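I have placed the structure first, in the form of structure tokens, so that the comments after it can refer back to it.
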Amino acid sequence: LYRAKAPTSLPSFLVLGPSGSGKTSLVTLFESGKPSPTHISQAPSTVQVHLPSTTRAGSSQYRSENDPTLKQEKPLQLIDTPGHGKLRHYAREYLQDPPPGLKGIIFVIDAANVSSDSSSSANETLQDAAEYLHDILLLLQKRYTSAKTSKGPKELPVLIAANKLDLFTALPAPLLKGKLEQEISRVRDARAKGLMAAGMGEEGSEERDWLGEGGESKFEFRMMEEVNCPVKVVGGNVLGAEGSDVDGWWGWIAGWL
Ligand code: GTP
Ligand code: MG
């Protein structure tokens with residue numbers, strides 16, 4: 001059953017990314033301390049989680065070690081969305097009409113299913129992830145460029161969680177970052193060509209859907225800072241023979257609270 005957004009303004013993070021990347025596993029791990037077996041998600045679900053007491057929220061980093069408020073667990077919400085290609089409208093709807101407490105976006109990617117050879121054609125998983133990510137970043141860019149106020153909308157950070165680093169085929173976060181930038185550039189060029197062919201995006205239509213800075217340069221995540229969306233790629237794993245490694249992601253979340 002799909003319920004409308006809960007009418008609360010708890011700090012919340014929207015979790016999205018391709019199907020099978022580990023979103024529901026991550027959300028259940030954060031919720032209960034252990035990941036539950038998952039099925040393909042068919043609808044969004046919102047869970048309440050607590051920042052572990054070992055991780056410090058950005059807003060309390062100057063408090064003294066003995067400050068009792070540090071011991072209180074900070075509640076926040078994670079909104080898990082389905083990643084299947086036909087169900088991504090849920091995530092887009094959340095972005096178009098964000099819940100009041102939305103603090104950031106967590107885009108989960110399966111870093112073990114991205115071929116690491118340097119051949120020019122990326123595998124399908126990477127292509128699909130790059131297309132999805134391109135479209136989300138473009139939405140975030142439009143949110144900024146179409147803002148009515150001169151100040152623009154408030155900062156909305158994006159975490160790219162490179163998941164499944166427990167698997168030996170996984171690409172480390174810095175390499176995945178480069179691959180994604182390359183593949184997003186390709187998606188962008190292909191989209192622009194498609195529009196040209198359709199007789200759109202010609203001279204005069206300055207409002208073309210071009211992600212990042214104009215010109216021929218390759219897309220880089222740092223360009224998103226211009227539109228108030230700092231992007232960070234951080235590795236980790238929800239599952240694994242040696243347990244999970246999610247400290248980097250908690251650390252990122254904590255920095256925006
Ligand atoms: P959709 O709901 O279809 O969008 O997928 P999802 O992103 O929610 O993926 P889900 O959490 O259901 O995980 C997909 C599969 O990946 C499951 O079989 C998980 O057990 C597995 N998985 C998730 N995280 C990890 C990880 O860190 N390491 C390994 N080895 N497997 C993982
Ligand atoms: Mg899921």
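How things are named: the first chain in the structure tokens is A, the next is B, and so on; residues count from 1 in each chain; ligands count from 1 in the order shown.
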
Taking only C-alpha atoms and all ligand atoms into account, list the residues no farther than 6 Å from ligand 1, as a compact mmCIF listing (two decimals) with C-alpha atoms, in the first residue's frame.
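Generated output (pocket_10.txt):
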```txt
# COMPACT_ATOMS: atom_id res chain seq x y z
CA PRO A 18 19.18 1.08 -9.67
CA SER A 19 17.38 -2.14 -8.76
CA GLY A 20 19.52 -4.62 -6.84
CA SER A 21 22.09 -2.07 -5.70
CA GLY A 22 21.26 -2.68 -2.04
CA LYS A 23 18.95 0.18 -1.02
CA THR A 24 16.51 -1.90 1.02
CA SER A 25 19.39 -3.88 2.55
CA THR A 38 14.97 -8.32 0.72
CA HIS A 39 12.71 -8.55 -2.30
CA ILE A 40 12.54 -6.20 -5.25
CA SER A 41 10.80 -3.12 -3.87
CA PRO A 82 12.13 1.10 -5.84
CA GLY A 83 14.92 1.05 -8.42
CA HIS A 84 13.23 -0.88 -11.19
CA ASN A 163 28.05 -0.55 -2.22
CA LYS A 164 29.17 -4.21 -2.19
CA ASP A 166 33.07 -6.78 0.11
CA LEU A 167 33.07 -8.48 -3.31
CA ASN A 237 29.23 -2.61 2.10
CA VAL A 238 25.97 -3.62 3.73
CA LEU A 239 26.74 -7.34 3.71
CA GLY A 240 29.95 -9.31 3.66
```

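Using only C-alpha atoms, the protein and nucleic acid residues lying no more than 7 Å from Ser45 in chain A, apart from those fewer than 4 places from it along its own chain, are A:Ile79, A:Asp80, A:Thr81.
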
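Interatomic distance, CA of Pro44 in chain A against CA of Lys177 in chain A: 26.7 Å.
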
### Message
So the first atom is CA of Arg186 in chain A and the second is CA of Leu156 in chain A; what is the distance between them in Å, to one decimal place?
### Response
24.6 Å

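By chain and then residue number, the residues within 12 Å of Arg222 in chain A are Leu137, Pro157, Val158, Lys177, Gly178, Glu181, Leu211, Gly212, Glu213, Lys218, Phe219, Glu220, Met224, Glu225, Glu226, Val227, Asn228, Cys229, Pro230, Val231, Lys232 and Val233 of chain A, counting only C-alpha atoms and disregarding those fewer than 2 positions away in sequence.
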
Just to be explicit: take each residue in the selection above, keep N, CA and C atoms, and write the result as a short mmCIF file (atom, residue, chain, number, x, y, z; two decimals), in the first residue's frame.
```cif
data_model
loop_
_atom_site.label_atom_id
_atom_site.label_comp_id
_atom_site.auth_asym_id
_atom_site.auth_seq_id
_atom_site.Cartn_x
_atom_site.Cartn_y
_atom_site.Cartn_z
N LEU A 137 20.37 14.13 -11.37
CA LEU A 137 21.19 15.35 -11.24
C LEU A 137 20.61 16.48 -12.09
N PRO A 157 22.63 18.02 -0.67
CA PRO A 157 23.80 17.21 -0.98
C PRO A 157 23.43 15.81 -1.49
N VAL A 158 24.31 15.24 -2.29
CA VAL A 158 24.10 13.90 -2.84
C VAL A 158 25.26 12.99 -2.42
N LYS A 177 33.90 6.64 -9.34
CA LYS A 177 33.57 8.05 -9.58
C LYS A 177 33.96 8.46 -11.00
N GLY A 178 35.18 8.13 -11.39
CA GLY A 178 35.66 8.46 -12.74
C GLY A 178 34.82 7.80 -13.82
N GLU A 181 31.46 9.53 -14.11
CA GLU A 181 31.56 10.84 -14.78
C GLU A 181 31.67 10.66 -16.29
N LEU A 211 23.37 18.89 -18.71
CA LEU A 211 23.84 18.78 -17.33
C LEU A 211 25.25 19.35 -17.20
N GLY A 212 25.44 20.14 -16.17
CA GLY A 212 26.78 20.68 -15.89
C GLY A 212 27.04 21.94 -16.69
N GLU A 213 28.30 22.31 -16.78
CA GLU A 213 28.67 23.52 -17.50
C GLU A 213 28.50 23.30 -18.99
N LYS A 218 34.04 17.40 -20.37
CA LYS A 218 33.45 16.23 -19.75
C LYS A 218 32.69 16.63 -18.49
N PHE A 219 31.64 15.89 -18.19
CA PHE A 219 30.90 16.17 -16.96
C PHE A 219 31.72 15.74 -15.74
N GLU A 220 31.73 16.59 -14.73
CA GLU A 220 32.37 16.22 -13.46
C GLU A 220 31.41 16.54 -12.31
N MET A 224 28.32 20.16 -9.91
CA MET A 224 27.02 20.23 -9.23
C MET A 224 27.05 21.21 -8.06
N GLU A 225 28.26 21.59 -7.62
CA GLU A 225 28.36 22.56 -6.53
C GLU A 225 27.78 23.90 -6.96
N GLU A 226 27.90 24.20 -8.24
CA GLU A 226 27.35 25.44 -8.81
C GLU A 226 25.85 25.54 -8.59
N VAL A 227 25.18 24.41 -8.53
CA VAL A 227 23.73 24.43 -8.36
C VAL A 227 23.34 23.96 -6.95
N ASN A 228 24.28 24.15 -6.02
CA ASN A 228 24.02 23.88 -4.62
C ASN A 228 23.79 22.41 -4.28
N CYS A 229 24.39 21.51 -5.05
CA CYS A 229 24.27 20.07 -4.78
C CYS A 229 25.66 19.43 -4.74
N PRO A 230 26.34 19.55 -3.61
CA PRO A 230 27.65 18.90 -3.52
C PRO A 230 27.51 17.38 -3.58
N VAL A 231 28.34 16.75 -4.42
CA VAL A 231 28.25 15.30 -4.60
C VAL A 231 29.49 14.64 -4.01
N LYS A 232 29.29 13.55 -3.30
CA LYS A 232 30.41 12.81 -2.75
C LYS A 232 30.24 11.32 -3.02
N VAL A 233 31.32 10.65 -3.40
CA VAL A 233 31.27 9.21 -3.63
C VAL A 233 32.00 8.52 -2.49
#
```

### Summary
Computed gap from CA of Leu29 in chain A to CA of Ile136 in chain A is 24.8 Å

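Minimum distance to ligand 2 across A:Asp135, A:Gly101, A:Val108, A:Val49 (counting only C-alpha atoms and all ligand atoms) occurs at A:Val108.
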
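The environment of Val187 in chain A within 9 Å, counting only C-alpha atoms and disregarding residues fewer than 3 places along the same chain, consists of Gln127, Ala130, Glu131, His134, Gln182, Glu183, Ile184, Ala190, Arg191 and Ala192 of chain A.
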
### Task
Would you list, as an MDAnalysis selection string, the residues of range 23-249 of chain A that end up in strand (DSSP E or B) under DSSP run on this structure's backbone?
chainID A and resid 45:51 74:80 102:110 158:163 231:235 237 245

Limited to C-alpha atoms, could you put the picked residues into a file as a compact mmCIF listing (two decimals), in the first residue's frame?
```txt
# COMPACT_ATOMS: atom_id res chain seq x y z
CA SER A 45 8.74 2.96 2.25
CA THR A 46 9.80 5.31 5.00
CA VAL A 47 11.63 4.08 8.07
CA GLN A 48 12.82 5.88 11.15
CA VAL A 49 16.43 5.28 12.15
CA HIS A 50 18.82 6.71 14.72
CA LEU A 51 22.23 8.13 14.22
CA LYS A 74 19.11 11.55 16.84
CA PRO A 75 16.07 10.31 14.92
CA LEU A 76 15.93 10.68 11.19
CA GLN A 77 14.03 9.18 8.30
CA LEU A 78 15.17 7.19 5.33
CA ILE A 79 12.86 6.98 2.34
CA ASP A 80 13.57 3.78 0.40
CA LEU A 102 14.63 16.55 3.19
CA LYS A 103 18.34 16.91 3.93
CA GLY A 104 19.96 14.93 1.18
CA ILE A 105 19.95 12.18 -1.38
CA ILE A 106 21.65 8.81 -1.17
CA PHE A 107 22.19 7.17 -4.55
CA VAL A 108 23.21 3.53 -4.04
CA ILE A 109 25.24 1.75 -6.72
CA ASP A 110 26.40 -1.87 -6.96
CA VAL A 158 24.10 13.90 -2.84
CA LEU A 159 25.91 10.83 -1.52
CA ILE A 160 26.83 8.21 -4.09
CA ALA A 161 27.15 5.08 -1.98
CA ALA A 162 29.45 2.63 -3.76
CA ASN A 163 28.05 -0.55 -2.22
CA VAL A 231 28.25 15.30 -4.60
CA LYS A 232 30.41 12.81 -2.75
CA VAL A 233 31.27 9.21 -3.63
CA VAL A 234 31.89 6.99 -0.61
CA GLY A 235 32.48 3.23 -0.58
CA ASN A 237 29.23 -2.61 2.10
CA ASP A 245 31.19 -1.33 6.63
```
